[in-house]
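First comes the structure, then the notes that go with it.
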Amino acid sequence: MNASFSDTEKPALRLLLAAPRGFCAGVDRAIEIVERALKRYGAPVYVRHEIVHNRFVVDGLKAKGAIFVEELDEVPGGVPVVFSAHGVPKTVPAAASERGLDWLDATCPLVSKVHRQAERQIEGGRHIVFIGHKGHPEVIGTLGQVPEGTITLVETEADVAALDFAADAPLAFLTQTTLSVDDTAAIVRALRARFPQIVGPKAEDICYATSNRQAAVKTLAPQCQLVLVIGAPNSSNSLRLVEVAERCGASARLVQRGADIAPEWFDGVETMGLTAGASAPEELVREVIERIAEFRAVSVEQVVTAEEKMVFKLPKQLEGAG
């Protein structure tokens with residue numbers, strides 16, 4: 001995608017547009033699950049927690065008849081409920097079944113893969129060290145897959161240094177899927193240095209989309225004075241993109257909509273980068289570019305670092321719906 005939004009009275013701005021960016025396969029699947037459930041069951045369809053961390057997406061689904069709640073006890077009887085892409089503790093679907101609710105699991109398959117790994121490590125007699133951000137829905141969901149006391153959360157290398165396991169304790173590590181690739185690698189190195197016997201997954205748990213979007217920012221950010229990341233403040237993968245850009249020496253800002261952008265941000269900026277977190281739709285990318293073009297003559301160059309063709313299957317209940 002190369003395009004120009006020119007105006008001879010406006011100073012020129014070179015905009016490097018990251019590719020890949022925006023929606024990943026897990027987000028596409030989660031949104032489609034809600035939309036198909038609405039077609040199959042009719043409104044309202046309840047969704048426990050934001051289906052994905054993006055207000056624009058959530059508001060769009062609300063307009064179609066989705067009702068978002070934080071806890072299962074807010075869902076009345078006789079209506080379907082969807083669990084968000086971030087995953088839920090095992091107790092949630094169990095409680096839904098006990099109440100006789102029709103429920104649909106929109107958990108990203110790559111998060112579900114981590115859940116299965118956690119179960120296998122516990123079955124193997126290992127204690128799990130889980131690398132993630134405390135309080136994030138994905139972390140809450142993963143910790144809720146195994147018995148209490150069998151998994152320990154770490155967020156930093158300092159947390160690793162504070163672990164008090166025996167030197168020969170049977171340990172395994174797993175990670176949240178939306179972390180910083182570089183930070184996670186450093187924490188894993190610290191774990192292996194302290195506990196050489198620790199075992200981990202054959203392939204990293206950080207999802208392909210998170211890794212690809214961070215790699216794209218690493219490619220374009222060194223050329224930029226400013227990088228904008230479209231995403232929500234509670235979106236882990238979007239926040240990591242801001243951090244990656246800053247580590248590359250660029251000024252970086254998280255924005256949710258075009259209206260968030262102020263003209264003075266671009267003072268002295270000749271080249272900027274633009275990307276979007278995995279929960280941000282392409283419509284918002286276009287909106288942001290149009291907003292920037294209101295005060296700069298924008299020349300857009302797409303920087304392609306990977307191609308994504310991943311597609312995840314829908315739950316069997318929704319096959320053929322929609």
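Following the order of the structure tokens, first chain is A, next is B, and so on, with residues numbered from 1 inside each chain and ligands from 1 in the order they appear.
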Within 12 Å of Gln117 in chain A, counting only C-alpha atoms, which residues qualify if same-chain residues fewer than 4 places away don't, as a list of chain:residue names?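 Returned residues: A:Leu110, A:Val111, A:Ser112, A:Lys113, A:Gln121, A:Ile122, A:Glu123, A:Gly124, A:Arg126, A:Ile128, A:Phe130, A:Thr142, A:Leu143, A:Gln145, A:Val146, A:Ala172, A:Phe173, A:Leu174, A:Thr175, A:Val199, A:Gly200, A:Pro201, A:Lys202, A:Ala203, A:Glu204, A:Asp205.
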Return as a tab-separated table the residues of range 16-47 of chain A lying at most 12 Å from range 61-77 of chain A, together with the closest atom-to-atom pair for each and the distance in Å to one decimal, counting only C-alpha atoms, with rows in chain order and ascending residue number.
```
residue	atom	partner	partner_atom	distance
A:Ala30	CA	A:Leu61	CA	11.4
A:Ile31	CA	A:Leu61	CA	8.2
A:Glu32	CA	A:Leu61	CA	10.2
A:Ile33	CA	A:Leu61	CA	11.0
A:Val34	CA	A:Ala66	CA	7.5
A:Glu35	CA	A:Leu61	CA	7.5
A:Arg36	CA	A:Lys64	CA	11.0
A:Ala37	CA	A:Ala66	CA	9.4
A:Leu38	CA	A:Gly65	CA	7.1
A:Lys39	CA	A:Lys64	CA	9.7
A:Tyr41	CA	A:Gly65	CA	10.8
A:Gly42	CA	A:Gly65	CA	8.0
A:Ala43	CA	A:Gly65	CA	4.9
A:Pro44	CA	A:Gly65	CA	5.1
A:Val45	CA	A:Ala66	CA	4.9
A:Tyr46	CA	A:Ile67	CA	4.7
A:Val47	CA	A:Phe68	CA	4.8
```
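Proximity to Phe295 in chain A was assessed for A:Cys207, A:Asn212, A:Pro263, A:Arg48 counting only C-alpha atoms; the smallest distance is recorded for A:Pro263.
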Run DSSP on the backbone of this structure and report the residues of range 1-78 of chain A it assigns to strand (DSSP E), as a list in words.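 Strand (DSSP E) assignments inside range 1-78 of chain A correspond to Asn2, Ala3, Ser4, Phe5, Ala12, Leu13, Arg14, Leu15, Leu16, Leu17, Ala18, Ala19, Val45, Tyr46, Val47, Arg48, Ala66, Ile67, Phe68 and Val69 of chain A.
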Using C-alpha atoms, can you write the selected residues to a file as a PDB file, in the first residue's frame?
```
ATOM      1  CA  ASN A   2       1.613   3.201  -1.202  1.00  0.00           C
ATOM      2  CA  ALA A   3      -0.549   6.293  -1.233  1.00  0.00           C
ATOM      3  CA  SER A   4      -0.310  10.047  -1.006  1.00  0.00           C
ATOM      4  CA  PHE A   5      -2.534  12.502   0.820  1.00  0.00           C
ATOM      5  CA  ALA A  12       5.421  16.636   3.949  1.00  0.00           C
ATOM      6  CA  LEU A  13       5.325  13.551   6.147  1.00  0.00           C
ATOM      7  CA  ARG A  14       6.619  10.105   5.231  1.00  0.00           C
ATOM      8  CA  LEU A  15       4.442   7.482   6.930  1.00  0.00           C
ATOM      9  CA  LEU A  16       5.759   3.922   7.221  1.00  0.00           C
ATOM     10  CA  LEU A  17       2.815   1.557   7.679  1.00  0.00           C
ATOM     11  CA  ALA A  18       3.646  -1.744   9.385  1.00  0.00           C
ATOM     12  CA  ALA A  19       2.547  -5.016   7.845  1.00  0.00           C
ATOM     13  CA  VAL A  45     -26.142 -12.710  23.352  1.00  0.00           C
ATOM     14  CA  TYR A  46     -24.137 -12.175  26.528  1.00  0.00           C
ATOM     15  CA  VAL A  47     -20.348 -11.962  26.497  1.00  0.00           C
ATOM     16  CA  ARG A  48     -18.298 -12.447  29.651  1.00  0.00           C
ATOM     17  CA  ALA A  66     -24.322  -8.228  22.381  1.00  0.00           C
ATOM     18  CA  ILE A  67     -24.347  -7.484  26.115  1.00  0.00           C
ATOM     19  CA  PHE A  68     -20.997  -7.433  27.890  1.00  0.00           C
ATOM     20  CA  VAL A  69     -20.676  -8.404  31.548  1.00  0.00           C
TER      21      VAL A  69
END
```
Residues near Leu191 in chain A, cut-off 9 Å, only C-alpha atoms, skip fewer than 3 positions along chain, as a VMD selection string: chain A and resid 129 157 160 to 161 173 186 to 188 194 to 196 198
Would you mind exporting N, CA and C atoms of the selected residues as a CSV table (one decimal), in the first residue's frame?
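Output below, filename selection_23.csv:
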```csv
chain,number,residue,atom,x,y,z
A,129,VAL,N,6.2,-22.2,36.6
A,129,VAL,CA,6.5,-20.8,36.7
A,129,VAL,C,5.9,-20.1,35.4
A,157,GLU,N,12.7,-10.3,35.8
A,157,GLU,CA,13.9,-11.0,36.2
A,157,GLU,C,14.1,-11.0,37.7
A,160,VAL,N,12.2,-13.6,39.3
A,160,VAL,CA,12.9,-14.9,39.2
A,160,VAL,C,13.9,-15.1,40.3
A,161,ALA,N,14.7,-14.0,40.6
A,161,ALA,CA,15.7,-14.0,41.6
A,161,ALA,C,15.1,-14.3,43.0
A,173,PHE,N,8.2,-23.9,32.8
A,173,PHE,CA,7.7,-22.5,32.6
A,173,PHE,C,6.8,-22.5,31.4
A,186,ALA,N,14.6,-12.7,28.1
A,186,ALA,CA,15.5,-12.4,29.2
A,186,ALA,C,15.1,-13.1,30.5
A,187,ILE,N,13.8,-13.2,30.7
A,187,ILE,CA,13.2,-13.9,31.9
A,187,ILE,C,13.5,-15.4,31.8
A,188,VAL,N,13.3,-15.9,30.6
A,188,VAL,CA,13.5,-17.4,30.4
A,188,VAL,C,15.0,-17.7,30.7
A,194,ARG,N,19.1,-20.1,36.9
A,194,ARG,CA,18.8,-20.5,38.3
A,194,ARG,C,18.4,-21.9,38.4
A,195,PHE,N,17.6,-22.4,37.5
A,195,PHE,CA,17.1,-23.8,37.5
A,195,PHE,C,17.3,-24.5,36.2
A,196,PRO,N,18.5,-25.0,36.0
A,196,PRO,CA,18.9,-25.7,34.7
A,196,PRO,C,18.0,-26.8,34.4
A,198,ILE,N,14.7,-26.8,34.6
A,198,ILE,CA,13.4,-26.4,34.2
A,198,ILE,C,13.1,-26.7,32.7
```
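Nearest-residue note for Asn54 in chain A: choosing from A:Arg247, A:Arg257, A:Lys309, A:Lys316, the minimum distance belongs to A:Arg257, counting only C-alpha atoms.
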